[in-house]
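Below: one structure, written as structure tokens.
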Amino acid sequence: MAMMLPNSIAVICAAPEKIRSKDTHYPYKQNTSLTYLCGFPEAESVMVIMPDRDHGEFVLFCRDKDPLRETWDGYREGPEGAVKNFAADDAFPIDDIDDILLGMLEGKDRVYYAIGKEVEFDRKLMDWVNNVRTLRDGDAMPPGEFVDLDHLVNEMRLIKTAGEIKLMRRASQIAAQAHCRAMQLSQPGFYEYQLQAEIEHEFMARGASAPAYTSIVGGGKNGCILHYIENRDQLKAGDLVLIDAGCEYKNYASDITRTFPVNGKFTPPQAAIYDIVLEAQLEAIKLIGPGLEYNLANEATIRVITEGLVELNILHGEVDALIAEGAYREFYMHSAGHWLGMDVHDVGDYKIDNKWRVYEPGMVLTVEPGIYISPDNKNVDAKWRGIAVRIEDDILVTKTGCEDLTSGVPKTRDQIELLMAG
Ligand code: GLY
Ligand code: MN
Ligand code: MN
């Protein structure tokens, strides 16, 4: 509210429900910005913010209580619950929004709104704005200006509060424990989906609400597919398995990748690739702290990986020239990470005025370099083909540097082999 210009209104709509098949739905996922601003979990709701309004600054429209619908589909707060449990100053049934919102829009100069995110709601909002003119025999004035609300909310979401950090710490710990479980239970003959089941068992048993994204469990060359989610193949002795899985805990995501040998022992070629990726990740993490530029960590991963691939004779040439021409992209085709929060690829700009932004305490990001050597790459020695390694941790920027929130799962080869042997 403090960031809104005077005489403005902000409108935030709930995410729509999505059909999975005929009359069954995907698990409902609320619009994360609405969750951030007020926590209201239900579909068919709209949050309205009107700074300095005498009759209440925060109004929620939501579904009315309905014993029959609640018997079938689950509990509803109703307007009374919206006031009592979500600190709304006032709340109304969503069916009345056409009438009530017009009056709220009337006379306002501007509307803050996440423009273009929900096409159907865009249209409704335009109708409401246009219909303001019908009030008071055509004398009423609609707002003349739309401002992107995300611009304000995303910057707030980028810097996590102490309360948010506590939840992210828990989401990270749960995911770390899940990865440990997968390492301990892995054995040749297991199917990828069985490790997925072990990981997700741990998520749910420890109170997470869901995986934060579809878990990736890729044995052997399947690890070369960055977002491999089939998870159908059998795991073989002598192969690595790459697991990229994180959970959602009280609306906050974690995002961890570990790569380990199916049978608990790295082969020499796997070890060589693994150690480059680990060094790249550790060097990148050293470059995260307040005042440091966002992209330094990414550049460090590119340098360490290029140097390592030259050393192994996988890339040939002079390191600076190879970096300049992007030769590493054949083996490392994504960037070093992303913001993390309520969304796994969280909101927040990476650049300001076209310059990389600088870290501030409270930001959380992933660091996840990888090397992926295609099984079909005829330009490299056969021993490297099909090896894929990614290592990903969740890093909190602190006042003095940074903290690895996901350090609970081992990542040096010795530590991994030790855990797997135990
Ligand atoms: N699991 C998606 C990512 O690591 O960004
Ligand atoms: Mn990931
Ligand atoms: Mn990630």
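Letters for chains follow the order of the structure tokens (A, B, ...), residue numbers begin at 1 for each chain, and ligand numbers begin at 1 in the order shown.
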request  = Return as number ranges by chain every polymer residue, whether protein, DNA or RNA, with at least one atom no more than 8 Å from an atom of ligand 3; count only C-alpha atoms and all ligand atoms.
outcome  = A: 255-257, 337-338, 340, 344-345, 366-368, 392
Could you write out that same residue set with N, CA, C and O atoms as a compact mmCIF listing (two decimals), in the first residue's frame?
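Result file is again-v3.txt:
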```txt
# COMPACT_ATOMS: atom_id res chain seq x y z
N ASP A 255 14.60 -26.85 -4.11
CA ASP A 255 14.98 -27.31 -5.46
C ASP A 255 16.41 -27.84 -5.39
O ASP A 255 17.35 -27.07 -5.36
N ILE A 256 16.52 -29.18 -5.29
CA ILE A 256 17.84 -29.80 -5.10
C ILE A 256 18.12 -30.77 -6.24
O ILE A 256 17.22 -31.51 -6.65
N THR A 257 19.35 -30.79 -6.72
CA THR A 257 19.78 -31.86 -7.61
C THR A 257 21.01 -32.54 -7.01
O THR A 257 21.93 -31.87 -6.54
N GLY A 337 21.59 -20.74 -12.34
CA GLY A 337 20.53 -20.84 -11.35
C GLY A 337 19.43 -19.83 -11.56
O GLY A 337 19.31 -19.22 -12.63
N HIS A 338 18.63 -19.66 -10.52
CA HIS A 338 17.44 -18.79 -10.60
C HIS A 338 17.00 -18.44 -9.20
O HIS A 338 17.36 -19.10 -8.23
N LEU A 340 14.56 -18.33 -6.05
CA LEU A 340 13.72 -19.39 -5.47
C LEU A 340 12.82 -18.79 -4.40
O LEU A 340 13.27 -17.92 -3.64
N VAL A 344 9.06 -22.02 -7.94
CA VAL A 344 10.40 -22.62 -7.98
C VAL A 344 11.32 -21.76 -8.85
O VAL A 344 12.48 -21.53 -8.50
N HIS A 345 10.84 -21.29 -9.97
CA HIS A 345 11.57 -20.26 -10.71
C HIS A 345 10.90 -18.96 -10.28
O HIS A 345 9.92 -18.52 -10.86
N THR A 366 19.13 -20.60 -6.52
CA THR A 366 19.77 -21.90 -6.69
C THR A 366 21.11 -21.71 -7.38
O THR A 366 21.31 -20.74 -8.11
N VAL A 367 22.03 -22.65 -7.12
CA VAL A 367 23.28 -22.72 -7.89
C VAL A 367 23.36 -24.14 -8.42
O VAL A 367 23.43 -25.09 -7.62
N GLU A 368 23.30 -24.31 -9.74
CA GLU A 368 23.10 -25.64 -10.30
C GLU A 368 23.82 -25.88 -11.62
O GLU A 368 23.20 -26.17 -12.64
N GLU A 392 22.87 -29.17 -7.45
CA GLU A 392 22.06 -27.97 -7.21
C GLU A 392 21.75 -27.79 -5.73
O GLU A 392 21.27 -28.71 -5.07
```
ask   = When DSSP works through the backbone of this structure, what residues of stretch 5-243 of chain A end up as helix (DSSP H, G or I), shown as number ranges by chain?
value = A: 32-38, 67-73, 78-86, 94-105, 119-138, 149-158, 162-185, 192-205, 220-224
Test item: residues lying within 12 Å of ligand 1 with only C-alpha atoms and all ligand atoms, as a PyMOL selection string = chain A and resi 211-217+225-229+242-247+253-258+334-340+343-346+365-370+390-394
Export C-alpha atoms of the chosen residues as a PDB file, in the first residue's frame?
```
ATOM      1  CA  PRO A 211       6.645 -31.768  -4.935  1.00  0.00           C
ATOM      2  CA  ALA A 212       7.487 -28.196  -5.995  1.00  0.00           C
ATOM      3  CA  TYR A 213       7.747 -29.414  -9.618  1.00  0.00           C
ATOM      4  CA  THR A 214       7.635 -32.801 -11.309  1.00  0.00           C
ATOM      5  CA  SER A 215      10.523 -34.806  -9.879  1.00  0.00           C
ATOM      6  CA  ILE A 216      13.278 -35.656 -12.343  1.00  0.00           C
ATOM      7  CA  VAL A 217      14.919 -39.081 -11.896  1.00  0.00           C
ATOM      8  CA  ILE A 225      17.579 -34.622 -20.788  1.00  0.00           C
ATOM      9  CA  LEU A 226      17.368 -31.557 -18.585  1.00  0.00           C
ATOM     10  CA  HIS A 227      13.708 -31.904 -17.656  1.00  0.00           C
ATOM     11  CA  TYR A 228      13.347 -35.692 -17.986  1.00  0.00           C
ATOM     12  CA  ILE A 229      10.124 -36.612 -16.149  1.00  0.00           C
ATOM     13  CA  LEU A 242      20.510 -37.659 -11.612  1.00  0.00           C
ATOM     14  CA  ILE A 243      17.700 -36.617  -9.265  1.00  0.00           C
ATOM     15  CA  ASP A 244      16.321 -33.091  -9.409  1.00  0.00           C
ATOM     16  CA  ALA A 245      13.521 -32.876  -6.860  1.00  0.00           C
ATOM     17  CA  GLY A 246      12.263 -30.361  -4.325  1.00  0.00           C
ATOM     18  CA  CYS A 247       9.177 -29.931  -2.225  1.00  0.00           C
ATOM     19  CA  ALA A 253       9.714 -24.330  -2.702  1.00  0.00           C
ATOM     20  CA  SER A 254      13.038 -26.097  -2.422  1.00  0.00           C
ATOM     21  CA  ASP A 255      14.980 -27.309  -5.458  1.00  0.00           C
ATOM     22  CA  ILE A 256      17.838 -29.802  -5.098  1.00  0.00           C
ATOM     23  CA  THR A 257      19.784 -31.865  -7.607  1.00  0.00           C
ATOM     24  CA  ARG A 258      22.162 -34.655  -6.714  1.00  0.00           C
ATOM     25  CA  HIS A 334      21.604 -23.677 -19.019  1.00  0.00           C
ATOM     26  CA  SER A 335      22.605 -20.912 -16.657  1.00  0.00           C
ATOM     27  CA  ALA A 336      23.842 -21.363 -13.110  1.00  0.00           C
ATOM     28  CA  GLY A 337      20.529 -20.838 -11.351  1.00  0.00           C
ATOM     29  CA  HIS A 338      17.441 -18.794 -10.604  1.00  0.00           C
ATOM     30  CA  TRP A 339      15.596 -17.036  -7.796  1.00  0.00           C
ATOM     31  CA  LEU A 340      13.722 -19.391  -5.471  1.00  0.00           C
ATOM     32  CA  ASP A 343       7.545 -20.259  -7.248  1.00  0.00           C
ATOM     33  CA  VAL A 344      10.402 -22.618  -7.978  1.00  0.00           C
ATOM     34  CA  HIS A 345      11.565 -20.259 -10.707  1.00  0.00           C
ATOM     35  CA  ASP A 346      10.669 -17.320  -8.546  1.00  0.00           C
ATOM     36  CA  LEU A 365      18.654 -18.551  -5.343  1.00  0.00           C
ATOM     37  CA  THR A 366      19.772 -21.899  -6.685  1.00  0.00           C
ATOM     38  CA  VAL A 367      23.276 -22.718  -7.890  1.00  0.00           C
ATOM     39  CA  GLU A 368      23.096 -25.642 -10.302  1.00  0.00           C
ATOM     40  CA  PRO A 369      25.872 -26.119 -12.830  1.00  0.00           C
ATOM     41  CA  GLY A 370      25.944 -29.326 -14.860  1.00  0.00           C
ATOM     42  CA  ARG A 390      24.155 -31.661 -12.137  1.00  0.00           C
ATOM     43  CA  ILE A 391      24.581 -30.465  -8.555  1.00  0.00           C
ATOM     44  CA  GLU A 392      22.063 -27.967  -7.210  1.00  0.00           C
ATOM     45  CA  ASP A 393      21.711 -26.261  -3.847  1.00  0.00           C
ATOM     46  CA  ASP A 394      19.544 -23.474  -2.451  1.00  0.00           C
TER      47      ASP A 394
END
```
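Restricting the calculation to only C-alpha atoms and all ligand atoms, the smallest distance between ligand 2 and any of A:Ile9, A:Cys38, A:Ala175, A:Met4 is found for A:Ala175.
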message = as a ChimeraX atom specification, please: the residues near stretch 283-299 of chain A (cut-off 8 Å, only C-alpha atoms, same-chain neighbours under 6 positions excluded).
response = /A:335-337,350,356-361,367,395,397-402
Write a file of the just-selected residues containing all heavy atoms, as a CSV table (one decimal), in the first residue's frame.
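See selection-v6.csv below for the written result:
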```csv
chain,number,residue,atom,x,y,z
A,335,SER,N,21.8,-21.8,-17.5
A,335,SER,CA,22.6,-20.9,-16.7
A,335,SER,C,22.7,-21.5,-15.2
A,335,SER,O,22.1,-22.5,-14.9
A,335,SER,CB,22.0,-19.5,-16.7
A,335,SER,OG,20.8,-19.6,-16.0
A,336,ALA,N,23.5,-20.8,-14.4
A,336,ALA,CA,23.8,-21.4,-13.1
A,336,ALA,C,22.7,-21.4,-12.1
A,336,ALA,O,22.8,-22.1,-11.1
A,336,ALA,CB,25.0,-20.6,-12.5
A,337,GLY,N,21.6,-20.7,-12.3
A,337,GLY,CA,20.5,-20.8,-11.4
A,337,GLY,C,19.4,-19.8,-11.6
A,337,GLY,O,19.3,-19.2,-12.6
A,350,TYR,N,16.4,-10.0,-12.9
A,350,TYR,CA,17.8,-10.4,-12.8
A,350,TYR,C,18.7,-9.2,-13.2
A,350,TYR,O,19.9,-9.1,-12.8
A,350,TYR,CB,18.1,-11.6,-13.7
A,350,TYR,CG,17.5,-12.8,-13.2
A,350,TYR,CD1,16.2,-13.2,-13.6
A,350,TYR,CD2,18.1,-13.7,-12.2
A,350,TYR,CE1,15.6,-14.3,-13.1
A,350,TYR,CE2,17.5,-14.8,-11.8
A,350,TYR,CZ,16.2,-15.1,-12.2
A,350,TYR,OH,15.6,-16.3,-11.7
A,356,TRP,N,23.3,-6.3,-14.5
A,356,TRP,CA,23.1,-7.4,-13.5
A,356,TRP,C,22.8,-6.7,-12.2
A,356,TRP,O,23.6,-5.9,-11.8
A,356,TRP,CB,24.2,-8.3,-13.5
A,356,TRP,CG,24.4,-9.1,-14.7
A,356,TRP,CD1,25.4,-9.0,-15.7
A,356,TRP,CD2,23.5,-10.2,-15.2
A,356,TRP,NE1,25.2,-9.9,-16.7
A,356,TRP,CE2,24.0,-10.6,-16.4
A,356,TRP,CE3,22.3,-10.8,-14.7
A,356,TRP,CZ2,23.4,-11.6,-17.2
A,356,TRP,CZ3,21.7,-11.8,-15.5
A,356,TRP,CH2,22.3,-12.2,-16.7
A,357,ARG,N,21.8,-7.2,-11.5
A,357,ARG,CA,21.6,-6.6,-10.2
A,357,ARG,C,22.6,-7.2,-9.1
A,357,ARG,O,23.3,-8.1,-9.4
A,357,ARG,CB,20.1,-6.8,-9.7
A,357,ARG,CG,19.8,-8.2,-9.2
A,357,ARG,CD,18.3,-8.3,-9.0
A,357,ARG,NE,17.8,-7.3,-8.0
A,357,ARG,CZ,16.6,-6.8,-7.9
A,357,ARG,NH1,15.7,-7.2,-8.8
A,357,ARG,NH2,16.3,-6.0,-7.0
A,358,VAL,N,22.6,-6.5,-8.0
A,358,VAL,CA,23.5,-6.9,-6.9
A,358,VAL,C,22.8,-7.6,-5.8
A,358,VAL,O,21.6,-7.3,-5.5
A,358,VAL,CB,24.2,-5.6,-6.5
A,358,VAL,CG1,24.8,-5.7,-5.1
A,358,VAL,CG2,25.2,-5.1,-7.5
A,359,TYR,N,23.4,-8.6,-5.2
A,359,TYR,CA,22.7,-9.4,-4.2
A,359,TYR,C,22.5,-8.5,-3.0
A,359,TYR,O,23.3,-7.7,-2.6
A,359,TYR,CB,23.6,-10.6,-3.8
A,359,TYR,CG,23.8,-11.6,-4.8
A,359,TYR,CD1,25.0,-11.9,-5.4
A,359,TYR,CD2,22.7,-12.4,-5.2
A,359,TYR,CE1,25.2,-12.9,-6.3
A,359,TYR,CE2,22.8,-13.4,-6.2
A,359,TYR,CZ,24.1,-13.6,-6.7
A,359,TYR,OH,24.2,-14.6,-7.7
A,360,GLU,N,21.3,-8.8,-2.3
A,360,GLU,CA,21.0,-8.2,-1.0
A,360,GLU,C,20.6,-9.3,-0.1
A,360,GLU,O,20.0,-10.3,-0.5
A,360,GLU,CB,19.8,-7.3,-1.2
A,360,GLU,CG,20.0,-6.1,-2.2
A,360,GLU,CD,18.7,-5.4,-2.5
A,360,GLU,OE1,17.9,-5.1,-1.6
A,360,GLU,OE2,18.5,-5.1,-3.7
A,361,PRO,N,20.8,-9.1,1.2
A,361,PRO,CA,20.4,-10.1,2.2
A,361,PRO,C,18.9,-10.4,2.1
A,361,PRO,O,18.1,-9.5,1.8
A,361,PRO,CB,20.7,-9.4,3.6
A,361,PRO,CG,21.7,-8.4,3.3
A,361,PRO,CD,21.4,-7.9,1.9
A,367,VAL,N,22.0,-22.6,-7.1
A,367,VAL,CA,23.3,-22.7,-7.9
A,367,VAL,C,23.4,-24.1,-8.4
A,367,VAL,O,23.4,-25.1,-7.6
A,367,VAL,CB,24.5,-22.4,-7.0
A,367,VAL,CG1,25.8,-22.4,-7.9
A,367,VAL,CG2,24.3,-21.0,-6.4
A,395,ILE,N,20.6,-21.4,-2.0
A,395,ILE,CA,21.5,-20.5,-1.3
A,395,ILE,C,20.8,-19.2,-0.8
A,395,ILE,O,20.2,-18.5,-1.6
A,395,ILE,CB,22.7,-20.1,-2.2
A,395,ILE,CG1,23.3,-21.3,-2.8
A,395,ILE,CG2,23.7,-19.2,-1.5
A,395,ILE,CD1,24.0,-22.3,-1.8
A,397,VAL,N,21.2,-15.4,0.6
A,397,VAL,CA,22.1,-14.3,0.8
A,397,VAL,C,21.9,-13.8,2.2
A,397,VAL,O,20.8,-13.4,2.6
A,397,VAL,CB,21.9,-13.2,-0.2
A,397,VAL,CG1,22.9,-12.1,-0.1
A,397,VAL,CG2,22.0,-13.8,-1.7
A,398,THR,N,23.0,-13.7,3.0
A,398,THR,CA,23.0,-13.2,4.4
A,398,THR,C,23.7,-11.8,4.4
A,398,THR,O,24.1,-11.3,3.4
A,398,THR,CB,23.7,-14.2,5.3
A,398,THR,OG1,25.1,-14.2,4.9
A,398,THR,CG2,23.1,-15.6,5.2
A,399,LYS,N,23.7,-11.3,5.6
A,399,LYS,CA,24.4,-9.9,5.8
A,399,LYS,C,25.8,-10.0,5.5
A,399,LYS,O,26.4,-9.0,5.0
A,399,LYS,CB,24.2,-9.4,7.2
A,399,LYS,CG,22.8,-8.9,7.5
A,399,LYS,CD,22.8,-7.9,8.7
A,399,LYS,CE,21.4,-7.5,9.1
A,399,LYS,NZ,20.8,-8.3,10.2
A,400,THR,N,26.5,-11.1,5.7
A,400,THR,CA,27.9,-11.2,5.6
A,400,THR,C,28.4,-12.1,4.4
A,400,THR,O,29.6,-12.1,4.1
A,400,THR,CB,28.5,-11.8,6.9
A,400,THR,OG1,27.8,-13.1,7.2
A,400,THR,CG2,28.4,-10.9,8.1
A,401,GLY,N,27.5,-12.8,3.8
A,401,GLY,CA,27.9,-13.7,2.7
A,401,GLY,C,26.7,-14.5,2.2
A,401,GLY,O,25.7,-13.9,1.8
A,402,CYS,N,26.8,-15.8,2.4
A,402,CYS,CA,25.6,-16.6,2.0
A,402,CYS,C,25.6,-17.9,2.8
A,402,CYS,O,26.6,-18.2,3.5
A,402,CYS,CB,25.6,-16.9,0.5
A,402,CYS,SG,26.9,-18.0,0.0
```
query = So which residues of stretch 188-219 of chain A fall under strand (DSSP E or B) by DSSP, listed as a PyMOL selection string?
reply = chain A and resi 191+210-211+216-219
message = When you look at stretch 89-104 of chain A with a cut-off of 9 Å (counting only C-alpha atoms), what residues show up, excluding the ones that are within fewer than 6 positions of it in the same chain? I need them as a VMD selection string.
response = chain A and resid 9 44 to 46 48 50 55 to 65 78 to 83 128 to 129 131 to 132 135 142
inquiry  = I want to know what sits within 9 Å of A:Tyr332, based on only C-alpha atoms, with residues of the same chain fewer than 3 positions away left out; could you give that as a PyMOL selection string?
reply    = chain A and resi 302+305+328-329+335+369-373
Selection export as a PDB file, in the first residue's frame, atoms kept: all heavy atoms:
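Produced file again-v3.pdb, reproduced below:
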```
ATOM      1  N   ILE A 302      30.982 -21.227 -15.774  1.00  0.00           N
ATOM      2  CA  ILE A 302      31.398 -21.386 -17.177  1.00  0.00           C
ATOM      3  C   ILE A 302      32.919 -21.569 -17.257  1.00  0.00           C
ATOM      4  O   ILE A 302      33.418 -22.440 -17.978  1.00  0.00           O
ATOM      5  CB  ILE A 302      30.946 -20.162 -18.008  1.00  0.00           C
ATOM      6  CG1 ILE A 302      29.419 -20.162 -18.136  1.00  0.00           C
ATOM      7  CG2 ILE A 302      31.626 -20.146 -19.374  1.00  0.00           C
ATOM      8  CD1 ILE A 302      28.845 -18.886 -18.726  1.00  0.00           C
ATOM      9  N   ILE A 305      34.022 -25.043 -15.731  1.00  0.00           N
ATOM     10  CA  ILE A 305      33.604 -26.156 -16.594  1.00  0.00           C
ATOM     11  C   ILE A 305      34.421 -26.170 -17.880  1.00  0.00           C
ATOM     12  O   ILE A 305      34.868 -27.233 -18.335  1.00  0.00           O
ATOM     13  CB  ILE A 305      32.075 -26.069 -16.858  1.00  0.00           C
ATOM     14  CG1 ILE A 305      31.322 -26.518 -15.590  1.00  0.00           C
ATOM     15  CG2 ILE A 305      31.662 -26.925 -18.070  1.00  0.00           C
ATOM     16  CD1 ILE A 305      29.820 -26.347 -15.639  1.00  0.00           C
ATOM     17  N   TYR A 328      31.359 -24.291 -24.492  1.00  0.00           N
ATOM     18  CA  TYR A 328      30.860 -25.093 -23.376  1.00  0.00           C
ATOM     19  C   TYR A 328      29.372 -25.422 -23.514  1.00  0.00           C
ATOM     20  O   TYR A 328      28.874 -26.353 -22.895  1.00  0.00           O
ATOM     21  CB  TYR A 328      31.098 -24.336 -22.054  1.00  0.00           C
ATOM     22  CG  TYR A 328      30.446 -22.973 -22.048  1.00  0.00           C
ATOM     23  CD1 TYR A 328      29.135 -22.808 -21.634  1.00  0.00           C
ATOM     24  CD2 TYR A 328      31.139 -21.837 -22.508  1.00  0.00           C
ATOM     25  CE1 TYR A 328      28.519 -21.569 -21.669  1.00  0.00           C
ATOM     26  CE2 TYR A 328      30.542 -20.596 -22.548  1.00  0.00           C
ATOM     27  CZ  TYR A 328      29.228 -20.470 -22.130  1.00  0.00           C
ATOM     28  OH  TYR A 328      28.630 -19.244 -22.185  1.00  0.00           O
ATOM     29  N   ARG A 329      28.652 -24.626 -24.328  1.00  0.00           N
ATOM     30  CA  ARG A 329      27.179 -24.771 -24.380  1.00  0.00           C
ATOM     31  C   ARG A 329      26.720 -26.139 -24.891  1.00  0.00           C
ATOM     32  O   ARG A 329      25.607 -26.565 -24.625  1.00  0.00           O
ATOM     33  CB  ARG A 329      26.554 -23.681 -25.245  1.00  0.00           C
ATOM     34  CG  ARG A 329      26.514 -22.354 -24.550  1.00  0.00           C
ATOM     35  CD  ARG A 329      25.479 -21.402 -25.102  1.00  0.00           C
ATOM     36  NE  ARG A 329      25.838 -20.036 -24.723  1.00  0.00           N
ATOM     37  CZ  ARG A 329      26.452 -19.166 -25.525  1.00  0.00           C
ATOM     38  NH1 ARG A 329      26.711 -19.496 -26.785  1.00  0.00           N
ATOM     39  NH2 ARG A 329      26.773 -17.983 -25.093  1.00  0.00           N
ATOM     40  N   SER A 335      21.806 -21.820 -17.476  1.00  0.00           N
ATOM     41  CA  SER A 335      22.605 -20.912 -16.657  1.00  0.00           C
ATOM     42  C   SER A 335      22.714 -21.477 -15.243  1.00  0.00           C
ATOM     43  O   SER A 335      22.117 -22.499 -14.917  1.00  0.00           O
ATOM     44  CB  SER A 335      22.003 -19.513 -16.661  1.00  0.00           C
ATOM     45  OG  SER A 335      20.752 -19.564 -16.043  1.00  0.00           O
ATOM     46  N   PRO A 369      25.162 -25.806 -11.592  1.00  0.00           N
ATOM     47  CA  PRO A 369      25.872 -26.119 -12.830  1.00  0.00           C
ATOM     48  C   PRO A 369      25.744 -27.597 -13.185  1.00  0.00           C
ATOM     49  O   PRO A 369      25.403 -28.424 -12.320  1.00  0.00           O
ATOM     50  CB  PRO A 369      27.327 -25.780 -12.483  1.00  0.00           C
ATOM     51  CG  PRO A 369      27.411 -25.970 -11.006  1.00  0.00           C
ATOM     52  CD  PRO A 369      26.069 -25.563 -10.458  1.00  0.00           C
ATOM     53  N   GLY A 370      25.996 -27.927 -14.436  1.00  0.00           N
ATOM     54  CA  GLY A 370      25.944 -29.326 -14.860  1.00  0.00           C
ATOM     55  C   GLY A 370      26.793 -29.545 -16.090  1.00  0.00           C
ATOM     56  O   GLY A 370      27.151 -28.605 -16.795  1.00  0.00           O
ATOM     57  N   ILE A 371      27.137 -30.802 -16.310  1.00  0.00           N
ATOM     58  CA  ILE A 371      27.782 -31.218 -17.569  1.00  0.00           C
ATOM     59  C   ILE A 371      26.978 -32.402 -18.094  1.00  0.00           C
ATOM     60  O   ILE A 371      26.707 -33.362 -17.352  1.00  0.00           O
ATOM     61  CB  ILE A 371      29.257 -31.623 -17.349  1.00  0.00           C
ATOM     62  CG1 ILE A 371      30.085 -30.409 -16.901  1.00  0.00           C
ATOM     63  CG2 ILE A 371      29.845 -32.235 -18.626  1.00  0.00           C
ATOM     64  CD1 ILE A 371      31.554 -30.747 -16.622  1.00  0.00           C
ATOM     65  N   TYR A 372      26.598 -32.306 -19.351  1.00  0.00           N
ATOM     66  CA  TYR A 372      25.767 -33.347 -19.979  1.00  0.00           C
ATOM     67  C   TYR A 372      26.432 -33.751 -21.281  1.00  0.00           C
ATOM     68  O   TYR A 372      26.552 -32.934 -22.199  1.00  0.00           O
ATOM     69  CB  TYR A 372      24.357 -32.802 -20.254  1.00  0.00           C
ATOM     70  CG  TYR A 372      23.805 -32.018 -19.078  1.00  0.00           C
ATOM     71  CD1 TYR A 372      24.045 -30.643 -18.954  1.00  0.00           C
ATOM     72  CD2 TYR A 372      23.097 -32.659 -18.070  1.00  0.00           C
ATOM     73  CE1 TYR A 372      23.582 -29.927 -17.858  1.00  0.00           C
ATOM     74  CE2 TYR A 372      22.624 -31.942 -16.961  1.00  0.00           C
ATOM     75  CZ  TYR A 372      22.871 -30.575 -16.874  1.00  0.00           C
ATOM     76  OH  TYR A 372      22.412 -29.866 -15.788  1.00  0.00           O
ATOM     77  N   ILE A 373      26.882 -34.987 -21.361  1.00  0.00           N
ATOM     78  CA  ILE A 373      27.577 -35.438 -22.572  1.00  0.00           C
ATOM     79  C   ILE A 373      26.637 -36.391 -23.311  1.00  0.00           C
ATOM     80  O   ILE A 373      26.352 -37.502 -22.831  1.00  0.00           O
ATOM     81  CB  ILE A 373      28.916 -36.117 -22.224  1.00  0.00           C
ATOM     82  CG1 ILE A 373      29.746 -35.144 -21.345  1.00  0.00           C
ATOM     83  CG2 ILE A 373      29.670 -36.483 -23.502  1.00  0.00           C
ATOM     84  CD1 ILE A 373      31.055 -35.702 -20.865  1.00  0.00           C
TER      85      ILE A 373
END
```
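In this comparison, which uses only C-alpha atoms and all ligand atoms, the residue of A:Thr259, A:Gly220, A:Met168, A:Thr161 approaching ligand 2 most closely is A:Thr259.
Excluding A:His151 itself and same-chain residues fewer than 2 positions from it, the residues having an atom within 12 Å of it are A:Met3, A:Met4, A:Ser33, A:Tyr112, A:Tyr113, A:Ala114, A:Ile115, A:Val147, A:Asp148, A:Leu149, A:Val153, A:Asn154, A:Glu155, A:Met156, A:Arg157, A:Leu158, A:Val347, A:Gly348, A:Asp349, counting only C-alpha atoms.
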